[in-house]
$ cat my_file_34.txt   # compact mmCIF, C-alpha atoms
# COMPACT_ATOMS: atom_id res chain seq x y z
CA MET A 25 -9.73 -12.83 -2.47
CA SER A 26 -12.27 -15.28 -3.70
CA GLU A 27 -12.82 -15.82 -7.38
CA LYS A 28 -16.53 -15.56 -6.58
CA ARG A 29 -16.14 -11.97 -5.37
CA LEU A 30 -14.22 -11.03 -8.53
CA ARG A 31 -16.85 -12.69 -10.75
CA GLN A 32 -19.64 -10.84 -8.89
CA ALA A 33 -17.83 -7.51 -9.35
CA ILE A 34 -17.33 -8.20 -13.08
CA ASP A 35 -21.01 -9.12 -13.40
CA THR A 36 -21.94 -5.82 -11.72
CA LEU A 37 -19.80 -3.95 -14.24
CA LYS A 38 -21.31 -5.84 -17.18
CA ASP A 39 -24.85 -5.27 -15.86
CA SER A 40 -24.03 -1.55 -15.71
CA GLY A 41 -22.91 -1.60 -19.35
CA VAL A 42 -19.23 -1.13 -18.47
CA ARG A 43 -16.61 -2.75 -20.71
CA ILE A 44 -14.11 -5.02 -18.96
CA THR A 45 -10.74 -3.91 -20.28
CA PRO A 46 -7.59 -5.71 -19.13
CA GLN A 47 -6.57 -2.57 -17.20
CA ARG A 48 -9.97 -2.27 -15.51
CA HIS A 49 -9.86 -5.96 -14.60
CA ALA A 50 -6.35 -5.51 -13.13
CA VAL A 51 -7.35 -2.43 -11.07
CA LEU A 52 -10.41 -4.24 -9.75
CA GLU A 53 -8.45 -7.40 -8.92
CA TYR A 54 -5.74 -5.36 -7.18
CA LEU A 55 -8.34 -3.59 -5.03
CA LEU A 56 -10.11 -6.83 -4.16
CA THR A 57 -6.86 -8.51 -3.09
CA SER A 58 -5.36 -5.48 -1.36
CA MET A 59 -5.59 -5.44 2.41
CA VAL A 60 -4.60 -1.77 2.45
CA HIS A 61 -6.56 1.21 1.18
CA PRO A 62 -4.35 2.24 -1.75
CA THR A 63 -4.08 5.56 -3.53
CA ALA A 64 -4.37 5.72 -7.31
CA ASP A 65 -0.59 6.22 -7.48
CA GLU A 66 0.01 3.08 -5.40
CA ILE A 67 -2.27 1.09 -7.71
CA TYR A 68 -0.47 2.52 -10.74
CA LYS A 69 2.96 1.59 -9.35
CA ALA A 70 1.76 -1.93 -8.51
CA LEU A 71 0.44 -2.49 -12.04
CA GLU A 72 2.87 -0.52 -14.24
CA SER A 73 5.19 -3.48 -14.87
CA LYS A 74 2.24 -5.53 -16.14
CA PHE A 75 0.80 -2.60 -18.14
CA PRO A 76 3.74 -0.37 -19.18
CA ASN A 77 1.55 1.78 -21.46
CA MET A 78 -1.05 2.46 -18.75
CA SER A 79 -1.11 5.99 -17.33
CA VAL A 80 -2.07 7.27 -13.89
CA ALA A 81 -5.05 8.91 -15.62
CA THR A 82 -6.23 5.46 -16.73
CA VAL A 83 -6.12 4.29 -13.10
CA TYR A 84 -8.10 7.36 -11.96
CA ASN A 85 -10.67 6.85 -14.74
CA ASN A 86 -11.11 3.20 -13.80
CA LEU A 87 -11.47 4.09 -10.11
CA ARG A 88 -14.13 6.66 -11.02
CA VAL A 89 -16.08 4.01 -12.98
CA LEU A 90 -15.75 1.48 -10.15
CA ARG A 91 -16.95 4.11 -7.65
CA GLU A 92 -19.90 5.11 -9.83
CA VAL A 93 -21.18 1.52 -10.06
CA GLY A 94 -20.76 1.06 -6.29
CA LEU A 95 -17.83 -1.36 -6.24
CA VAL A 96 -15.38 1.04 -4.56
CA ARG A 97 -15.56 3.76 -1.93
CA GLU A 98 -13.33 6.80 -2.20
CA LEU A 99 -11.88 7.82 1.14
CA THR A 100 -10.64 11.35 1.66
CA TYR A 101 -8.70 12.26 4.78
CA GLY A 102 -7.56 15.83 4.31
CA ASP A 103 -4.28 15.00 2.59
CA ALA A 104 -3.93 15.46 -1.15
CA SER A 105 -4.64 11.90 -2.25
CA SER A 106 -7.80 9.83 -1.96
CA ARG A 107 -7.64 6.23 -0.90
CA PHE A 108 -9.87 3.51 -2.27
CA ASP A 109 -11.73 0.76 -0.43
CA CYS A 110 -13.35 -2.26 -2.06
CA ASN A 111 -15.19 -3.12 1.14
CA THR A 112 -18.49 -1.33 0.57
CA THR A 113 -20.24 -2.89 3.56
CA GLU A 114 -20.91 -0.75 6.63
CA HIS A 115 -17.63 -0.54 8.53
CA TYR A 116 -15.26 1.95 10.10
CA HIS A 117 -11.56 2.79 9.91
CA ILE A 118 -8.72 3.20 12.36
CA ILE A 119 -5.86 5.30 11.01
CA CYS A 120 -2.25 5.43 12.17
CA ASN A 121 -1.07 8.94 13.07
CA GLU A 122 2.51 8.01 12.16
CA CYS A 123 2.40 6.10 8.86
CA GLY A 124 -1.17 6.68 7.66
CA LYS A 125 -2.07 2.96 7.57
CA ILE A 126 -5.85 2.43 7.46
CA VAL A 127 -7.43 -0.71 8.93
CA ASP A 128 -11.09 -1.75 8.72
CA PHE A 129 -13.03 -2.69 11.82
CA GLN A 130 -16.63 -3.63 12.44
CA TYR A 131 -18.85 -1.87 14.95
CA PRO A 132 -22.62 -1.84 15.34
CA SER A 133 -24.38 0.73 13.20
CA LEU A 134 -24.77 4.21 14.63
CA GLN A 135 -28.39 4.63 13.51
CA GLU A 136 -29.40 5.87 16.97
CA VAL A 137 -26.79 8.63 16.71
CA GLU A 138 -28.05 9.57 13.25
CA SER A 139 -31.64 9.66 14.51
CA LEU A 140 -30.70 11.84 17.50
CA ALA A 141 -28.73 14.18 15.22
CA GLU A 142 -31.81 14.59 13.03
CA GLN A 143 -34.03 15.31 16.04
CA VAL A 144 -31.64 17.82 17.60
CA THR A 145 -30.65 19.67 14.40
CA GLY A 146 -33.55 19.24 12.01
CA PHE A 147 -31.15 17.86 9.38
CA ASN A 148 -32.01 14.93 7.14
CA VAL A 149 -28.97 12.72 7.77
CA SER A 150 -27.64 11.02 4.64
CA HIS A 151 -24.67 9.18 6.14
CA HIS A 152 -21.88 9.37 8.68
CA ARG A 153 -18.21 8.53 8.91
CA LEU A 154 -16.42 7.37 12.04
CA GLU A 155 -12.63 7.50 12.12
CA ILE A 156 -10.44 6.42 15.01
CA TYR A 157 -6.82 7.58 15.15
CA GLY A 158 -3.86 6.06 16.98
CA THR A 159 -0.50 4.37 16.49
CA CYS A 160 -0.32 1.00 14.70
CA GLU A 161 1.67 -1.97 15.99
CA ASP A 162 4.53 -1.44 13.52
CA CYS A 163 4.97 2.22 14.46
CA LYS A 164 4.77 1.38 18.19
CA HIS A 165 7.64 -1.08 17.70
CA VAL A 166 9.69 1.49 15.77
CA ALA A 167 9.12 4.07 18.52
CA ALA A 168 10.04 1.55 21.23
CA ALA A 169 13.26 0.63 19.39
CA LYS A 170 14.32 4.29 19.30
CA HIS A 171 14.12 4.59 23.10

$ encode --input "my_file_34.txt" --output "structure tokens"
Amino acid sequence: MSEKRLRQAIDTLKDSGVRITPQRHAVLEYLLTSMVHPTADEIYKALESKFPNMSVATVYNNLRVLREVGLVRELTYGDASSRFDCNTTEHYHIICNECGKIVDFQYPSLQEVESLAEQVTGFNVSHHRLEIYGTCEDCKHVAAAKH
């Protein structure tokens, strides 16, 4: 993670009138450096040794603030816990069927698909979400070792 990206995120928070508490800074920094799409519980567990008095509720509240100012996307995939993504640029996800790992990948925008959907259905399309599912490299190796 670049220091520049962290500084820009902090400036966005300040411009939105959001206080930069040590816990908020730590949650933001964790998300910016994380290559996975963590749950609130995973963030809490990663930071609890540094902030022993911090609660899971504090993590959720900070994630809500970060989402509201546009620094984080909340990803829901049908299971009980949301995952959080600091990459707010247009991108897609591939998800492992076995372990649930989520990996970002770039693909050209699907604006033509959105436009066709509007024409065919009469809807005003607000957004879309493309998810690809499969088995990640690690899980393929585990499966191969079992055989």

$ closest_residue --input "my_file_34.txt" --among "A:Met78, A:Ile118, A:Leu30, A:Leu87" --to "A:Pro62" --atoms "only C-alpha atoms"
A:Leu87

$ atom_distance --input "my_file_34.txt" --atom1 "atom CA of A:Asp109" --atom2 "atom CA of A:Arg97"
5.1 Å

$ atom_distance --input "my_file_34.txt" --atom1 "atom CA of A:Ile119" --atom2 "atom CA of A:Ile156"
6.2 Å

$ atom_distance --input "my_file_34.txt" --atom1 "atom CA of A:Gln32" --atom2 "atom CA of A:Arg88"
18.5 Å

$ residues_near_point --input "my_file_34.txt" --point "(-10.1, 0.8, 9.1)" --cutoff "6 Å" --atoms "all atoms listed in the file" --output "JSON, numbers by chain"
{"A": [116, 117, 118, 126, 127, 128, 129]}

$ residues_around --input "my_file_34.txt" --residues "stretch 38-41 of chain A" --least-positions-apart "4" --cutoff "9 Å" --atoms "only C-alpha atoms" --output "ChimeraX atom specification"
/A:33-34,93

$ closest_atom_pairs --input "my_file_34.txt" --of "stretch 79-133 of chain A" --to "stretch 43-53 of chain A" --cutoff "10 Å" --atoms "only C-alpha atoms" --output "CSV"
residue,atom,partner,partner_atom,distance
A:Thr82,CA,A:Gln47,CA,8.1
A:Val83,CA,A:Val51,CA,7.1
A:Tyr84,CA,A:Val51,CA,9.9
A:Asn85,CA,A:Arg48,CA,9.2
A:Asn86,CA,A:Arg48,CA,5.8
A:Leu87,CA,A:Val51,CA,7.8
A:Val89,CA,A:Arg48,CA,9.1
A:Leu90,CA,A:Leu52,CA,7.8
A:Leu95,CA,A:Leu52,CA,8.7
A:Val96,CA,A:Leu52,CA,8.9
A:Cys110,CA,A:Leu52,CA,8.5

$ write_last_selection --input "my_file_34.txt" --atoms "C-alpha atoms" --output "mmCIF file, in the coordinates of the input"
data_model
loop_
_atom_site.group_PDB
_atom_site.id
_atom_site.type_symbol
_atom_site.label_atom_id
_atom_site.label_comp_id
_atom_site.auth_asym_id
_atom_site.auth_seq_id
_atom_site.Cartn_x
_atom_site.Cartn_y
_atom_site.Cartn_z
ATOM 1 C CA THR A 82 -6.230 5.460 -16.730
ATOM 2 C CA VAL A 83 -6.120 4.290 -13.100
ATOM 3 C CA TYR A 84 -8.100 7.360 -11.960
ATOM 4 C CA ASN A 85 -10.670 6.850 -14.740
ATOM 5 C CA ASN A 86 -11.110 3.200 -13.800
ATOM 6 C CA LEU A 87 -11.470 4.090 -10.110
ATOM 7 C CA VAL A 89 -16.080 4.010 -12.980
ATOM 8 C CA LEU A 90 -15.750 1.480 -10.150
ATOM 9 C CA LEU A 95 -17.830 -1.360 -6.240
ATOM 10 C CA VAL A 96 -15.380 1.040 -4.560
ATOM 11 C CA CYS A 110 -13.350 -2.260 -2.060
#

$ residues_around --input "my_file_34.txt" --residues "A:Phe108" --least-positions-apart "4" --cutoff "10 Å" --atoms "all atoms listed in the file" --output "PyMOL selection string"
chain A and resi 55+60-64+67+87+91+96-100

$ closest_residue --input "my_file_34.txt" --among "A:Val42, A:Cys120, A:Val137, A:Ala70" --to "A:Cys160" --atoms "only C-alpha atoms"
A:Cys120

$ residues_around --input "my_file_34.txt" --residues "A:His115" --least-positions-apart "3" --cutoff "10 Å" --atoms "all atoms listed in the file" --output "list in words"
Asn111, Thr112, Asp128, Phe129, Gln130, Tyr131, Pro132, Ser133, Arg153 and Leu154 of chain A

$ closest_residue --input "my_file_34.txt" --among "A:Glu72, A:Glu114, A:Asp162, A:Glu138" --to "A:Ser150" --atoms "all atoms listed in the file"
A:Glu138

$ residues_around --input "my_file_34.txt" --residues "A:Ser26" --least-positions-apart "4" --cutoff "10 Å" --atoms "only C-alpha atoms" --output "ChimeraX atom specification"
/A:30-31,56-57

$ build_atoms --input "my_file_34.txt" --residues "stretch 129-140 of chain A" --atoms "all heavy atoms" --output "CSV table (one decimal), keeping the file's coordinate frame"
chain,number,residue,atom,x,y,z
A,129,PHE,N,-12.5,-2.0,10.7
A,129,PHE,CA,-13.0,-2.7,11.8
A,129,PHE,C,-14.6,-2.6,11.8
A,129,PHE,O,-15.1,-1.6,11.3
A,129,PHE,CB,-12.4,-2.2,13.1
A,129,PHE,CG,-12.9,-0.9,13.6
A,129,PHE,CD1,-13.9,-0.8,14.6
A,129,PHE,CD2,-12.2,0.3,13.2
A,129,PHE,CE1,-14.3,0.5,15.0
A,129,PHE,CE2,-12.6,1.5,13.6
A,129,PHE,CZ,-13.7,1.6,14.6
A,130,GLN,N,-15.2,-3.6,12.4
A,130,GLN,CA,-16.6,-3.6,12.4
A,130,GLN,C,-17.1,-3.1,13.8
A,130,GLN,O,-16.5,-3.3,14.8
A,130,GLN,CB,-17.1,-5.1,12.3
A,130,GLN,CG,-16.7,-5.7,11.0
A,130,GLN,CD,-17.3,-5.1,9.8
A,130,GLN,OE1,-18.5,-4.7,9.8
A,130,GLN,NE2,-16.5,-4.9,8.7
A,131,TYR,N,-18.2,-2.4,13.7
A,131,TYR,CA,-18.8,-1.9,15.0
A,131,TYR,C,-20.3,-1.8,14.6
A,131,TYR,O,-20.7,-1.5,13.5
A,131,TYR,CB,-18.3,-0.5,15.3
A,131,TYR,CG,-18.8,0.0,16.6
A,131,TYR,CD1,-18.2,-0.4,17.8
A,131,TYR,CD2,-19.8,1.0,16.7
A,131,TYR,CE1,-18.7,0.1,19.0
A,131,TYR,CE2,-20.2,1.5,17.9
A,131,TYR,CZ,-19.7,1.0,19.0
A,131,TYR,OH,-20.1,1.5,20.3
A,132,PRO,N,-21.2,-2.0,15.6
A,132,PRO,CA,-22.6,-1.8,15.3
A,132,PRO,C,-23.0,-0.5,14.7
A,132,PRO,O,-22.3,0.5,15.0
A,132,PRO,CB,-23.3,-2.0,16.7
A,132,PRO,CG,-22.3,-2.7,17.5
A,132,PRO,CD,-20.9,-2.3,17.0
A,133,SER,N,-24.0,-0.5,13.9
A,133,SER,CA,-24.4,0.7,13.2
A,133,SER,C,-24.7,1.8,14.2
A,133,SER,O,-25.2,1.6,15.3
A,133,SER,CB,-25.6,0.4,12.3
A,133,SER,OG,-26.1,1.6,11.8
A,134,LEU,N,-24.5,3.1,13.8
A,134,LEU,CA,-24.8,4.2,14.6
A,134,LEU,C,-26.1,4.9,14.2
A,134,LEU,O,-26.2,6.1,14.3
A,134,LEU,CB,-23.6,5.2,14.5
A,134,LEU,CG,-22.3,4.7,15.0
A,134,LEU,CD1,-21.2,5.7,14.8
A,134,LEU,CD2,-22.3,4.3,16.5
A,135,GLN,N,-27.1,4.1,13.9
A,135,GLN,CA,-28.4,4.6,13.5
A,135,GLN,C,-29.0,5.5,14.6
A,135,GLN,O,-29.7,6.5,14.3
A,135,GLN,CB,-29.3,3.5,13.1
A,135,GLN,CG,-28.9,2.9,11.7
A,135,GLN,CD,-29.8,1.8,11.3
A,135,GLN,OE1,-30.1,0.9,12.1
A,135,GLN,NE2,-30.3,1.8,10.1
A,136,GLU,N,-28.8,5.1,15.9
A,136,GLU,CA,-29.4,5.9,17.0
A,136,GLU,C,-28.8,7.3,17.0
A,136,GLU,O,-29.5,8.3,17.2
A,136,GLU,CB,-29.2,5.2,18.3
A,136,GLU,CG,-30.0,4.0,18.6
A,136,GLU,CD,-29.8,3.4,20.0
A,136,GLU,OE1,-29.5,4.2,20.9
A,136,GLU,OE2,-29.9,2.2,20.1
A,137,VAL,N,-27.5,7.3,16.7
A,137,VAL,CA,-26.8,8.6,16.7
A,137,VAL,C,-27.3,9.5,15.6
A,137,VAL,O,-27.6,10.7,15.7
A,137,VAL,CB,-25.3,8.4,16.6
A,137,VAL,CG1,-24.5,9.8,16.4
A,137,VAL,CG2,-24.7,7.7,17.8
A,138,GLU,N,-27.5,8.9,14.4
A,138,GLU,CA,-28.0,9.6,13.2
A,138,GLU,C,-29.4,10.1,13.6
A,138,GLU,O,-29.8,11.3,13.3
A,138,GLU,CB,-28.1,8.7,12.0
A,138,GLU,CG,-26.8,8.4,11.4
A,138,GLU,CD,-26.9,7.6,10.1
A,138,GLU,OE1,-28.0,7.2,9.7
A,138,GLU,OE2,-25.8,7.3,9.5
A,139,SER,N,-30.3,9.3,14.2
A,139,SER,CA,-31.6,9.7,14.5
A,139,SER,C,-31.6,10.8,15.5
A,139,SER,O,-32.4,11.8,15.3
A,139,SER,CB,-32.4,8.4,15.1
A,139,SER,OG,-33.7,8.8,15.4
A,140,LEU,N,-30.8,10.8,16.5
A,140,LEU,CA,-30.7,11.8,17.5
A,140,LEU,C,-30.2,13.1,16.8
A,140,LEU,O,-30.7,14.2,17.1
A,140,LEU,CB,-29.8,11.4,18.6
A,140,LEU,CG,-29.5,12.5,19.7
A,140,LEU,CD1,-30.9,12.8,20.4
A,140,LEU,CD2,-28.5,12.1,20.7
